[in-house]
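Engineer: The structure is given below, and queries will be raised subsequently.
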Amino acid sequence: MKFVVKLGGASLENKALLHACGKAIAELVRDGNQVAVVHGGGVQLTRTLAQMGKVSEFVSGLRITDAETRDAALMVLAGRVNKSLVAALTSHGQSAVGLSGGDGHVFRARKKITDPDLGFVGEIASTDPRWLDAIWTMGAVPVISSIALGFDGEYYNINADEMAAACAIATKADTLVFLTDVPGVKGADGQVMRWLTLPQITQLEKDAVITGGMLPKLHACREALKHGVKRVRILPAESAQLLPDICTTRVNDGTEVMVA
């Protein structure tokens, strides 16, 4: 089976969690699965920008990205964060190849048109998974940072959830899992919803129950399901050990997102 696993938040910040996620992904591969990892690094980027004296601003969960912020994102996401993930997988005996969406033209971007303007924030315009297939053929895990190259020659900051969905669609993945620092999607009563359908997402958004960073995540879930990905789950990173059994065992952690 093909898996796309998106890592973000605490799973990238906490060494113990990163170690656990790397172990679970390595086990998935040893079980005969092909796995691609997509990661963000918003916390690390915000901290680096603060050290540079820049204040981070967000609109609907997306970072306003001027040229200086974009360059910092390249340094942090495609550099330190990407290589720490490669190291975590390698420590469990699993070969991994780190790359950005711009490498091999795997992901091409166009500027996201918004009001207000977000600067160098992009959306995925096209994909070419041949390099991912080549990495899988060698028995390795592609580890992809959420940066993509535009047709204008500029690099664009891509929301990592959107990148993960695009990766799952392009590779015809069976399962897309978002490892997060929250227990799942919470309903109006504040309780985690174990199952969530696409019509419910629309209603929760309309009622302003889901806001901020959860919005692009659920939009990514919708895109993946609408384009053929069979299973989509939002899973707390603390439950990463469940990854190898997620398709064969009943898992009660997190939120399963379904078409209907």
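We label chains A, B, ... in the order they appear in the structure tokens, count residues from 1 in each chain, and number ligands from 1 in the order shown.
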I want to know what sits within 8 Å of Ala73 in chain A, based on only C-alpha atoms, with residues of the same chain fewer than 5 positions away left out; could you give that as a VMD selection string?
Structural biologist: chain A and resid 45 78 147 157
Engineer: Residues as selected, all heavy atoms, written as a short mmCIF file (atom, residue, chain, number, x, y, z; two decimals), in the first residue's frame, can you do that?
Structural biologist:
```
data_model
loop_
_atom_site.label_atom_id
_atom_site.label_comp_id
_atom_site.auth_asym_id
_atom_site.auth_seq_id
_atom_site.Cartn_x
_atom_site.Cartn_y
_atom_site.Cartn_z
N LEU A 45 9.88 27.91 12.11
CA LEU A 45 10.00 29.10 11.27
C LEU A 45 9.63 30.36 12.06
O LEU A 45 10.31 31.39 11.97
CB LEU A 45 9.13 28.97 10.03
CG LEU A 45 9.12 30.16 9.08
CD1 LEU A 45 10.52 30.51 8.62
CD2 LEU A 45 8.22 29.86 7.86
N ALA A 78 13.44 23.46 4.30
CA ALA A 78 14.20 22.59 3.41
C ALA A 78 15.57 22.24 3.99
O ALA A 78 16.21 21.32 3.50
CB ALA A 78 14.37 23.26 2.05
N ILE A 147 7.88 23.43 0.34
CA ILE A 147 8.34 24.54 -0.50
C ILE A 147 8.25 24.05 -1.94
O ILE A 147 8.64 22.92 -2.24
CB ILE A 147 9.80 24.91 -0.18
CG1 ILE A 147 9.96 25.35 1.28
CG2 ILE A 147 10.30 25.99 -1.13
CD1 ILE A 147 9.38 26.71 1.59
N ASN A 157 6.14 29.40 -0.45
CA ASN A 157 5.79 28.70 0.77
C ASN A 157 4.41 28.05 0.56
O ASN A 157 3.45 28.73 0.22
CB ASN A 157 5.74 29.70 1.94
CG ASN A 157 5.61 29.04 3.28
OD1 ASN A 157 5.77 27.82 3.41
ND2 ASN A 157 5.31 29.83 4.30
#
```
Engineer: Do you know which residues are at most 6 Å from range 129-141 of chain A counting only C-alpha atoms, after dropping those on the same chain fewer than 2 positions away, and could you put them as a list of chain:residue names?
Structural biologist: A:Val35, A:Ala36, A:Ser95, A:Ala96, A:Val106
Engineer: Extract, using only C-alpha atoms, all DNA, RNA and protein residues at most 7 Å from range 162-165 of chain A, discarding same-chain residues fewer than 4 positions from it, and format them as a VMD selection string.
Structural biologist: chain A and resid 4 6 38 146 158 169 220 to 221 223 to 224
Engineer: A:Ala237, A:Leu49, A:Leu85, A:Ala148: which is nearest Arg110 in chain A, counting only C-alpha atoms?
Structural biologist: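 Among the listed residues, the smallest separation from Arg110 in chain A belongs to A:Ala148.
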Engineer: Using DSSP on the backbone coordinates, identify the residues of range 81-244 of chain A assigned to helix (DSSP H, G or I); present them as a PyMOL selection string.
Structural biologist: chain A and resi 81-90+103-105+130-137+160-170+198-206+214-226+237-244
Engineer: Name the closest residue to Gly42 in chain A among the candidates A:Val76, A:Val55, A:Leu89, A:Met193; distances are taken between atoms, counting only C-alpha atoms.
Structural biologist: A:Val76
Engineer: Kindly assemble as a tab-separated table a list of the range 161-237 of chain A residues that lie within 12 Å of range 242-253 of chain A, each paired with its nearest atom pair and their distance in Å to one decimal, using only C-alpha atoms, sorted first by chain and then by ascending residue number.
Structural biologist:
```
residue	atom	partner	partner_atom	distance
A:Asp174	CA	A:Cys247	CA	9.8
A:Thr175	CA	A:Cys247	CA	8.5
A:Leu176	CA	A:Leu243	CA	10.8
A:Val177	CA	A:Leu243	CA	8.5
A:Phe178	CA	A:Leu243	CA	10.6
A:Leu179	CA	A:Leu243	CA	9.6
A:Thr180	CA	A:Asp253	CA	11.6
A:Val182	CA	A:Asp253	CA	10.8
A:Pro183	CA	A:Asp253	CA	7.4
A:Gly184	CA	A:Asp253	CA	7.8
A:Val185	CA	A:Asp253	CA	10.8
A:Val192	CA	A:Asp253	CA	9.1
A:Met193	CA	A:Asp253	CA	9.8
A:Arg194	CA	A:Asn252	CA	6.9
A:Trp195	CA	A:Asn252	CA	9.7
A:Lys230	CA	A:Cys247	CA	10.8
A:Arg231	CA	A:Cys247	CA	8.8
A:Val232	CA	A:Ile246	CA	10.7
A:Arg233	CA	A:Ile246	CA	9.2
A:Ile234	CA	A:Asp253	CA	8.7
A:Leu235	CA	A:Asp253	CA	6.4
A:Pro236	CA	A:Asp253	CA	7.3
A:Ala237	CA	A:Leu242	CA	9.7
```
Engineer: Using only C-alpha atoms for the distances, tell me which of A:Met258, A:Ile113, A:Met52, A:Val121 is nearest to Asp66 in chain A.
Structural biologist: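 Result for the nearest residue to Asp66 in chain A: A:Val121.
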Engineer: Using only C-alpha atoms, which of A:Val86, A:Val229, A:Leu62, A:Leu17 sits nearest Thr171 in chain A?
Structural biologist: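 Once distances to Thr171 in chain A are computed over only C-alpha atoms, the minimum belongs to A:Val229.
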Engineer: Check the smallest atom-to-atom distance from each of A:Leu198, A:Leu28, A:Leu118, A:Gly153 to Ser56 in chain A using only C-alpha atoms, then report the winner.
Structural biologist: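 Going through A:Leu198, A:Leu28, A:Leu118, A:Gly153 one by one, the smallest distance to Ser56 in chain A is for A:Leu118.
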Engineer: From a DSSP pass on the backbone, collect the residues of range 82-158 of chain A flagged as strand (DSSP E) and hand them back as an MDAnalysis selection string.
Structural biologist: chainID A and resid 96:100 107:111 121:127 141:145 147:150 155:158
Engineer: Could you dump the residues just selected with C-alpha atoms as a PDB file, in the first residue's frame?
Structural biologist:
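Listing of again36.pdb after writing:
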```
ATOM      1  CA  ALA A  96      15.464   8.447   3.478  1.00  0.00           C
ATOM      2  CA  VAL A  97      15.997  11.142   0.852  1.00  0.00           C
ATOM      3  CA  GLY A  98      15.224  14.737   1.790  1.00  0.00           C
ATOM      4  CA  LEU A  99      13.985  17.134  -0.859  1.00  0.00           C
ATOM      5  CA  SER A 100      11.810  20.169  -1.356  1.00  0.00           C
ATOM      6  CA  PHE A 107       5.640  19.991  -7.234  1.00  0.00           C
ATOM      7  CA  ARG A 108       5.218  23.215  -9.204  1.00  0.00           C
ATOM      8  CA  ALA A 109       3.507  26.196  -7.642  1.00  0.00           C
ATOM      9  CA  ARG A 110       1.612  29.281  -8.604  1.00  0.00           C
ATOM     10  CA  LYS A 111       0.962  32.287  -6.407  1.00  0.00           C
ATOM     11  CA  VAL A 121       2.419  31.877  -0.551  1.00  0.00           C
ATOM     12  CA  GLY A 122       1.631  29.416  -3.299  1.00  0.00           C
ATOM     13  CA  GLU A 123      -0.687  26.613  -4.215  1.00  0.00           C
ATOM     14  CA  ILE A 124       0.169  23.444  -6.105  1.00  0.00           C
ATOM     15  CA  ALA A 125      -0.252  23.886  -9.865  1.00  0.00           C
ATOM     16  CA  SER A 126       1.179  20.587 -11.131  1.00  0.00           C
ATOM     17  CA  THR A 127       2.887  17.433  -9.915  1.00  0.00           C
ATOM     18  CA  VAL A 141      11.404   7.197   1.987  1.00  0.00           C
ATOM     19  CA  PRO A 142      11.078  10.594   0.280  1.00  0.00           C
ATOM     20  CA  VAL A 143      10.924  13.351   2.906  1.00  0.00           C
ATOM     21  CA  ILE A 144       9.427  16.471   1.335  1.00  0.00           C
ATOM     22  CA  SER A 145       9.467  19.989   2.742  1.00  0.00           C
ATOM     23  CA  ILE A 147       8.336  24.537  -0.500  1.00  0.00           C
ATOM     24  CA  ALA A 148       7.645  24.466  -4.243  1.00  0.00           C
ATOM     25  CA  LEU A 149       9.105  26.213  -7.274  1.00  0.00           C
ATOM     26  CA  GLY A 150       6.860  28.443  -9.332  1.00  0.00           C
ATOM     27  CA  TYR A 155      10.097  29.601  -4.545  1.00  0.00           C
ATOM     28  CA  TYR A 156       6.755  29.648  -2.750  1.00  0.00           C
ATOM     29  CA  ASN A 157       5.786  28.699   0.772  1.00  0.00           C
ATOM     30  CA  ILE A 158       3.085  26.004   0.530  1.00  0.00           C
TER      31      ILE A 158
END
```
Engineer: So that I can check the surroundings of Ser60 in chain A, please list as a PyMOL selection string every protein, DNA and RNA residue that reaches within 9 Å of it, counting only C-alpha atoms and ignoring chain neighbours fewer than 6 positions away.
Structural biologist: chain A and resi 211-213+215-216
Engineer: With N, CA and C atoms retained, could you export that selection as a short mmCIF file (atom, residue, chain, number, x, y, z; two decimals), in the first residue's frame?
Structural biologist:
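As written to disk, again13.cif reads:
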```cif
data_model
loop_
_atom_site.label_atom_id
_atom_site.label_comp_id
_atom_site.auth_asym_id
_atom_site.auth_seq_id
_atom_site.Cartn_x
_atom_site.Cartn_y
_atom_site.Cartn_z
N THR A 211 -11.60 26.74 13.00
CA THR A 211 -10.96 27.99 12.59
C THR A 211 -9.45 27.79 12.55
N GLY A 212 -8.73 28.83 12.14
CA GLY A 212 -7.27 28.84 12.20
C GLY A 212 -6.64 27.72 11.40
N GLY A 213 -5.61 27.09 12.00
CA GLY A 213 -4.82 26.09 11.30
C GLY A 213 -5.58 24.83 10.93
N LEU A 215 -8.47 24.79 9.50
CA LEU A 215 -9.17 25.03 8.23
C LEU A 215 -8.41 24.47 7.04
N PRO A 216 -7.15 24.87 6.81
CA PRO A 216 -6.43 24.29 5.66
C PRO A 216 -6.24 22.79 5.78
#
```
Engineer: Distance CA of Ile64 in chain A-CA of Arg47 in chain A, one decimal place?
Structural biologist: 15.0 Å
